[in-house]
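Visitor: Can you keep this structure in mind? I'll have questions shortly.
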Amino acid sequence: MAYDAPMEAATPVAELRSVSKSFGSVMAARDLNLAIGQGEFLSFLGPSGCGKTTALRMLAGFETPTEGEVRIAGDVVNDQPSFQRPVNMVFQSYALFPHLTVAQNIAYGLQQKRPRPGRADIKARVAEALETVRLEGFQDRRIWEMSGGQQQRVALARAIVNRPRLLLLDEPLAALDRKLRKEMQIELQDLQRSLGITFVLVTHDQEEALSLSDRICVMRNGEIVQIGSPQELYDRPATRYVADFVGTSNFFEGRIASKDGARARLGLEGGQVLSGSCGPGLNVGDRACMSLRPERILLRSEAGDAGHPVTVQNRIFLGEHTEYLVTSETLGQVIVFAPRQTEQEGLGYNKGDTAWITWRDDAARILLSEQ
Amino acid sequence: MRIYAACVYLFLYTPIAIIALFSFNAGRHASQLQGFSVQWYGRALNNPFVMEALENSLVVAFTSATLASIIGTMAAVGLHSVRGPVRAVFDAIIYIAIMIPGIVIGIATLIALVTVFDVINPWIAAIWPRVEAAPQFSMGRGSIIAAHTMFTMALVVVIVRARLSSIEGALMEASADLYAPPWATFRRITLPLIAPAIFAGFLLAFTFSFDDFIIAFFVAGSETTLPIYIFSSIRRGVTPEINAIGTMVMVVSLVLLIVAQLILRSSDRKKSRK
Ligand SMILES: Nc1ncnc2c1ncn2[C@@H]1O[C@H](COP(=O)(O)OP(=O)(O)OP(=O)(O)O)[C@@H](O)[C@H]1O
Ligand SMILES: [Mg+2]
């Protein structure tokens, strides 16, 4: 399967090299550098207005970079109009042609392609695409006779029928309700694996990015903050921003007290010293913070060796886990996720209880504080 | 308040109702009813002068509406891709063109055409091999068509523009994304989506041209269109025949206007059903 191929093949399917884009005085994208490998599922993740759509539109050919190079299959395509690029896009609004039937919508790209495939070939490929998105029998329907989820499938079929080098998806699932979105996420992933097409997805839903992508490109204010696999981003975020945006985290502010290779010690305001792993770019004396994922904290009824005493402030039962809000004199407010298993051991805590929190050393990550 | 409203409607529609009523008058006087008859319709349709005027009117209306639809659509599509102050200026010019009174357009067109003809005609005569056979521009069907095209084009531009701006911009991008060069996108996406608006614009332009008296009166030269015929006949007194012609013109215009409205409405509804 193409999916198993190495990520960084000889020539990337698409590349951004020092790409910037400004609209008047607004810098929508700043010095983007990125190589997308064959068969990869890459996501752009970031809050609204961070430039995700702009990056995607430069790959599609709807925007021309102000600076830098966009390459597809090794060729610089800055000046190539979108109709000449071997790239297809699924629009957030679907952008299905209202005056054409489902089948005509799907056949559109093949009919415009040069050299144009034969009639019988087009028909067969449209039928195949309909089958892929499980819409057999809907070919003669009008677009406005289809539900939101069905329209989304048509939009997907209209793009994949062309077998593009690169499929761009701009928040394709944002308009669907939660349940349908989950289903479509699974379908998207299956589709990507079975077709072997390179997918680039734009989303501001971190869960979606984490569950679907091979790699995630986290953006902020037009810049790429970090690129990595979901687990890398989650376990070894480069900055506090990434740790905050990808998943939930507790942050303890302080200054770097000492540093030894990939480990550092952070001195908190109250004089307490915490240690954890750290990335490059940190020096002794820098303002930094420690990021600690709530599910990696253990809540215990006795102190143990390195426990921090806390008072339980609030308890929220969330089904598969219970969320505790506790306060510590040295650390301030801390969120702890206790999985069901610990609950069952009869260790449920109530508001006002005193307890101790501990964590394994490798759970703590020391990061540069920004702003 | 209700009485007041009723009076307004009465005031608006009584004259029209009377014309329609008297067109079915069996007697020959326009002032007293003498039983029901459709003879005046027959008379009107057999009157060679009426038929000639009708033919003129139809040719003028059809030609000018066709030209206005084509030119107006091109202008609307062109304007749609222009942004900023240039677009605002052109929009303003289009709206002003619609609001200018017909009499001003009539006089202005007349003066413009006469001036142009005065320059061109001697010039053509000079280069033509045989002077006496040289074609000469003069007022006639052509000048009415030109004047009507100019005016009704503005109507088409406004209607088509409204439709264009209601089309989602992502559709054009989707088409380009699916390998369609700009011309193919226009032919396969834009044109089908604005077709109802173009047709509605055509019908409005046709109706306007068919009904117009003021502009045509100035630039018709020796030609007679139906409204001009009615006007000149009235000077000889209102006959039931004139009432019959007026009623027919009114019915045709109303039908066309209603059809235009229905087309615009139904294409909007289909779109919003999504
Ligand atoms: N055509 C444009 N003209 C002017 N400014 C633009 C244009 N397109 C985008 N921008 C600006 O560029 C910035 C990035 O926009 P972009 O659409 O890429 O954000 P996004 O990350 O996709 O956000 P969202 O999640 O809301 O879709 C924004 O500040 C936006 O206002
Ligand atoms: Mg966006």
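So you can find residues: chains in the structure tokens are A, B, ... in the order shown, residues in each start at 1, and ligands are numbered from 1 in order.
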Please extract the residues at most 9 Å from ligand 2, counting only C-alpha atoms and all ligand atoms, and provide them as a list of chain:residue names, using the chain letters and residue numbers of this document.
Guide: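 Here is the list of contacting residues: A:Ser48, A:Gly49, A:Cys50, A:Gly51, A:Lys52, A:Thr53, A:Thr54, A:Leu56, A:Gln92, A:Asp170, A:Glu171, A:Val202, A:Thr203, A:His204.
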Visitor: Restricting the calculation to only C-alpha atoms: of B:Trp183, B:Phe217, B:Phe231, B:Phe206, which residue gets closest to chain A?
Guide: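 That would be B:Trp183, the residue with the smallest distance to chain A.
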Visitor: Could you list, as a list in words, every residue within 12 Å of Ala170 in chain B, counting only C-alpha atoms and ignoring same-chain residues fewer than 6 positions away?
Guide: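 In the requested format, the answer is Arg57, Phe62, Met89, Val90, Phe91, Gln92, Ser93, Tyr94, Ala95, Leu96, Phe97 and Asp170 of chain A; Ala176, Asp177, Thr185, Ile189 and Thr190 of chain B.
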Visitor: Please provide as a PDB file with N, CA, C and O atoms, in the first residue's frame all residues within 12 Å of Ala244 in chain B, with the sequence filter that same-chain residues fewer than 4 positions apart are discarded (counting only C-alpha atoms).
Guide:
```
ATOM      1  N   ILE B  16     -58.034  52.321 -17.289  1.00  0.00           N
ATOM      2  CA  ILE B  16     -57.619  51.121 -18.016  1.00  0.00           C
ATOM      3  C   ILE B  16     -58.814  50.202 -18.207  1.00  0.00           C
ATOM      4  O   ILE B  16     -59.049  49.664 -19.297  1.00  0.00           O
ATOM      5  N   ALA B  17     -59.598  50.061 -17.130  1.00  0.00           N
ATOM      6  CA  ALA B  17     -60.767  49.200 -17.213  1.00  0.00           C
ATOM      7  C   ALA B  17     -61.730  49.731 -18.270  1.00  0.00           C
ATOM      8  O   ALA B  17     -62.308  48.954 -19.043  1.00  0.00           O
ATOM      9  N   ILE B  18     -61.872  51.045 -18.334  1.00  0.00           N
ATOM     10  CA  ILE B  18     -62.808  51.618 -19.311  1.00  0.00           C
ATOM     11  C   ILE B  18     -62.349  51.328 -20.733  1.00  0.00           C
ATOM     12  O   ILE B  18     -63.138  50.945 -21.591  1.00  0.00           O
ATOM     13  N   ILE B  19     -61.039  51.471 -20.963  1.00  0.00           N
ATOM     14  CA  ILE B  19     -60.514  51.175 -22.306  1.00  0.00           C
ATOM     15  C   ILE B  19     -60.821  49.732 -22.687  1.00  0.00           C
ATOM     16  O   ILE B  19     -61.322  49.444 -23.775  1.00  0.00           O
ATOM     17  N   ALA B  20     -60.534  48.820 -21.735  1.00  0.00           N
ATOM     18  CA  ALA B  20     -60.776  47.404 -22.022  1.00  0.00           C
ATOM     19  C   ALA B  20     -62.261  47.166 -22.265  1.00  0.00           C
ATOM     20  O   ALA B  20     -62.650  46.465 -23.203  1.00  0.00           O
ATOM     21  N   LEU B  21     -63.095  47.793 -21.442  1.00  0.00           N
ATOM     22  CA  LEU B  21     -64.544  47.609 -21.553  1.00  0.00           C
ATOM     23  C   LEU B  21     -65.051  48.105 -22.905  1.00  0.00           C
ATOM     24  O   LEU B  21     -65.743  47.392 -23.629  1.00  0.00           O
ATOM     25  N   PHE B  22     -64.644  49.319 -23.281  1.00  0.00           N
ATOM     26  CA  PHE B  22     -65.160  49.906 -24.521  1.00  0.00           C
ATOM     27  C   PHE B  22     -64.606  49.228 -25.765  1.00  0.00           C
ATOM     28  O   PHE B  22     -65.162  49.377 -26.835  1.00  0.00           O
ATOM     29  N   SER B  23     -63.499  48.491 -25.595  1.00  0.00           N
ATOM     30  CA  SER B  23     -62.969  47.796 -26.769  1.00  0.00           C
ATOM     31  C   SER B  23     -63.924  46.686 -27.205  1.00  0.00           C
ATOM     32  O   SER B  23     -63.869  46.224 -28.329  1.00  0.00           O
ATOM     33  N   PHE B  24     -64.807  46.284 -26.284  1.00  0.00           N
ATOM     34  CA  PHE B  24     -65.797  45.263 -26.643  1.00  0.00           C
ATOM     35  C   PHE B  24     -67.151  45.883 -26.994  1.00  0.00           C
ATOM     36  O   PHE B  24     -68.147  45.198 -27.076  1.00  0.00           O
ATOM     37  N   ASN B  25     -67.165  47.183 -27.169  1.00  0.00           N
ATOM     38  CA  ASN B  25     -68.410  47.890 -27.451  1.00  0.00           C
ATOM     39  C   ASN B  25     -68.898  47.543 -28.856  1.00  0.00           C
ATOM     40  O   ASN B  25     -68.122  47.547 -29.813  1.00  0.00           O
ATOM     41  N   ALA B  26     -70.203  47.276 -28.964  1.00  0.00           N
ATOM     42  CA  ALA B  26     -70.749  46.959 -30.278  1.00  0.00           C
ATOM     43  C   ALA B  26     -70.926  48.230 -31.106  1.00  0.00           C
ATOM     44  O   ALA B  26     -70.811  48.212 -32.325  1.00  0.00           O
ATOM     45  N   ALA B  30     -67.254  56.004 -28.720  1.00  0.00           N
ATOM     46  CA  ALA B  30     -66.410  55.632 -27.590  1.00  0.00           C
ATOM     47  C   ALA B  30     -67.057  56.008 -26.268  1.00  0.00           C
ATOM     48  O   ALA B  30     -66.550  55.699 -25.209  1.00  0.00           O
ATOM     49  N   SER B  37     -69.275  43.018 -28.290  1.00  0.00           N
ATOM     50  CA  SER B  37     -68.840  42.561 -29.614  1.00  0.00           C
ATOM     51  C   SER B  37     -67.315  42.542 -29.676  1.00  0.00           C
ATOM     52  O   SER B  37     -66.652  43.297 -28.976  1.00  0.00           O
ATOM     53  N   VAL B  38     -66.778  41.677 -30.505  1.00  0.00           N
ATOM     54  CA  VAL B  38     -65.324  41.672 -30.679  1.00  0.00           C
ATOM     55  C   VAL B  38     -64.962  42.204 -32.059  1.00  0.00           C
ATOM     56  O   VAL B  38     -63.850  42.025 -32.525  1.00  0.00           O
ATOM     57  N   GLN B  39     -65.913  42.859 -32.704  1.00  0.00           N
ATOM     58  CA  GLN B  39     -65.671  43.287 -34.089  1.00  0.00           C
ATOM     59  C   GLN B  39     -64.482  44.216 -34.195  1.00  0.00           C
ATOM     60  O   GLN B  39     -63.753  44.195 -35.181  1.00  0.00           O
ATOM     61  N   TRP B  40     -64.251  45.045 -33.166  1.00  0.00           N
ATOM     62  CA  TRP B  40     -63.161  46.019 -33.271  1.00  0.00           C
ATOM     63  C   TRP B  40     -61.796  45.343 -33.255  1.00  0.00           C
ATOM     64  O   TRP B  40     -60.855  45.849 -33.864  1.00  0.00           O
ATOM     65  N   TYR B  41     -61.727  44.227 -32.580  1.00  0.00           N
ATOM     66  CA  TYR B  41     -60.474  43.460 -32.616  1.00  0.00           C
ATOM     67  C   TYR B  41     -60.211  42.973 -34.030  1.00  0.00           C
ATOM     68  O   TYR B  41     -59.101  43.071 -34.553  1.00  0.00           O
ATOM     69  N   GLY B  42     -61.278  42.473 -34.662  1.00  0.00           N
ATOM     70  CA  GLY B  42     -61.158  42.011 -36.047  1.00  0.00           C
ATOM     71  C   GLY B  42     -60.724  43.151 -36.948  1.00  0.00           C
ATOM     72  O   GLY B  42     -59.801  43.016 -37.750  1.00  0.00           O
ATOM     73  N   ARG B  43     -61.383  44.293 -36.774  1.00  0.00           N
ATOM     74  CA  ARG B  43     -61.058  45.457 -37.604  1.00  0.00           C
ATOM     75  C   ARG B  43     -59.597  45.845 -37.434  1.00  0.00           C
ATOM     76  O   ARG B  43     -58.891  46.090 -38.409  1.00  0.00           O
ATOM     77  N   ALA B  44     -59.193  45.922 -36.186  1.00  0.00           N
ATOM     78  CA  ALA B  44     -57.820  46.343 -35.910  1.00  0.00           C
ATOM     79  C   ALA B  44     -56.828  45.396 -36.580  1.00  0.00           C
ATOM     80  O   ALA B  44     -55.852  45.824 -37.198  1.00  0.00           O
ATOM     81  N   LEU B  45     -57.110  44.094 -36.472  1.00  0.00           N
ATOM     82  CA  LEU B  45     -56.160  43.116 -37.004  1.00  0.00           C
ATOM     83  C   LEU B  45     -56.193  43.056 -38.522  1.00  0.00           C
ATOM     84  O   LEU B  45     -55.281  42.521 -39.143  1.00  0.00           O
ATOM     85  N   VAL B  50     -52.313  49.281 -39.136  1.00  0.00           N
ATOM     86  CA  VAL B  50     -52.047  48.707 -37.817  1.00  0.00           C
ATOM     87  C   VAL B  50     -51.046  47.569 -37.940  1.00  0.00           C
ATOM     88  O   VAL B  50     -50.081  47.461 -37.175  1.00  0.00           O
ATOM     89  N   ILE B 230     -51.018  54.632 -32.507  1.00  0.00           N
ATOM     90  CA  ILE B 230     -52.123  54.939 -31.590  1.00  0.00           C
ATOM     91  C   ILE B 230     -52.185  56.433 -31.332  1.00  0.00           C
ATOM     92  O   ILE B 230     -53.230  57.063 -31.425  1.00  0.00           O
ATOM     93  N   VAL B 238     -60.941  59.088 -30.374  1.00  0.00           N
ATOM     94  CA  VAL B 238     -60.772  57.749 -29.836  1.00  0.00           C
ATOM     95  C   VAL B 238     -61.875  56.855 -30.385  1.00  0.00           C
ATOM     96  O   VAL B 238     -63.053  57.113 -30.188  1.00  0.00           O
ATOM     97  N   THR B 239     -61.469  55.822 -31.090  1.00  0.00           N
ATOM     98  CA  THR B 239     -62.453  54.870 -31.609  1.00  0.00           C
ATOM     99  C   THR B 239     -62.319  53.582 -30.817  1.00  0.00           C
ATOM    100  O   THR B 239     -61.288  53.334 -30.190  1.00  0.00           O
ATOM    101  N   PRO B 240     -63.347  52.728 -30.847  1.00  0.00           N
ATOM    102  CA  PRO B 240     -63.233  51.423 -30.189  1.00  0.00           C
ATOM    103  C   PRO B 240     -62.072  50.618 -30.755  1.00  0.00           C
ATOM    104  O   PRO B 240     -61.479  49.792 -30.075  1.00  0.00           O
ATOM    105  N   MET B 248     -54.949  45.078 -26.396  1.00  0.00           N
ATOM    106  CA  MET B 248     -54.064  43.972 -26.807  1.00  0.00           C
ATOM    107  C   MET B 248     -52.624  44.245 -26.377  1.00  0.00           C
ATOM    108  O   MET B 248     -51.936  43.368 -25.844  1.00  0.00           O
ATOM    109  N   VAL B 249     -52.172  45.485 -26.604  1.00  0.00           N
ATOM    110  CA  VAL B 249     -50.799  45.844 -26.211  1.00  0.00           C
ATOM    111  C   VAL B 249     -50.620  45.622 -24.714  1.00  0.00           C
ATOM    112  O   VAL B 249     -49.631  45.044 -24.255  1.00  0.00           O
ATOM    113  N   MET B 250     -51.639  46.055 -23.958  1.00  0.00           N
ATOM    114  CA  MET B 250     -51.542  45.949 -22.509  1.00  0.00           C
ATOM    115  C   MET B 250     -51.458  44.484 -22.072  1.00  0.00           C
ATOM    116  O   MET B 250     -50.638  44.120 -21.223  1.00  0.00           O
ATOM    117  N   VAL B 251     -52.309  43.648 -22.667  1.00  0.00           N
ATOM    118  CA  VAL B 251     -52.321  42.237 -22.270  1.00  0.00           C
ATOM    119  C   VAL B 251     -50.971  41.585 -22.578  1.00  0.00           C
ATOM    120  O   VAL B 251     -50.385  40.898 -21.720  1.00  0.00           O
TER     121      VAL B 251
END
```
Visitor: Can you write out as CSV which residues of chain A fall within 8 Å of chain B, alongside each residue's closest atom pair and its distance in Å to one decimal, counting only C-alpha atoms and ordering rows by chain and ascending residue number?
Guide:
```
residue,atom,partner,partner_atom,distance
A:Ala60,CA,B:Asp177,CA,7.2
A:Phe62,CA,B:Glu173,CA,7.5
A:Ser82,CA,B:Asp177,CA,5.5
A:Phe83,CA,B:Tyr179,CA,3.9
A:Gln84,CA,B:Tyr179,CA,6.1
A:Arg85,CA,B:Tyr179,CA,7.6
A:Val87,CA,B:Asp177,CA,7.4
A:Asn88,CA,B:Asp177,CA,5.9
A:Met89,CA,B:Asp177,CA,6.8
A:Phe91,CA,B:Ala170,CA,7.7
A:Ser93,CA,B:Ala170,CA,7.9
A:Ala95,CA,B:Leu171,CA,5.1
A:Leu96,CA,B:Leu171,CA,6.9
A:Phe97,CA,B:Leu171,CA,6.6
A:Pro98,CA,B:Lys271,CA,7.3
A:His99,CA,B:Leu193,CA,7.1
A:Tyr108,CA,B:Leu178,CA,6.9
A:Gly109,CA,B:Leu178,CA,4.4
A:Leu110,CA,B:Leu178,CA,7.9
A:Gln112,CA,B:Ala180,CA,5.4
A:Lys113,CA,B:Tyr179,CA,5.8
A:Ile143,CA,B:Lys274,CA,7.3
A:Trp144,CA,B:Lys274,CA,4.3
A:Glu145,CA,B:Lys274,CA,7.4
A:Ala159,CA,B:Leu178,CA,7.8
```
Visitor: For Arg263 in chain A, please output as an mmCIF file with C-alpha atoms, in the first residue's frame all residues within 7 Å (counting only C-alpha atoms; exclusion window: fewer than 5 positions along the same chain).
Guide:
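Printed below is out30.cif as written:
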```
data_model
loop_
_atom_site.group_PDB
_atom_site.id
_atom_site.type_symbol
_atom_site.label_atom_id
_atom_site.label_comp_id
_atom_site.auth_asym_id
_atom_site.auth_seq_id
_atom_site.Cartn_x
_atom_site.Cartn_y
_atom_site.Cartn_z
ATOM 1 C CA GLY A 276 11.342 17.657 33.072
ATOM 2 C CA SER A 277 12.492 17.035 29.523
ATOM 3 C CA CYS A 278 13.111 20.026 27.289
#
```
Visitor: For a quick check of understanding, using only C-alpha atoms and all ligand atoms, which of A:Ala338, A:Ala174, A:Val26, A:Leu298 has the smallest distance to ligand 1?
Guide: A:Val26
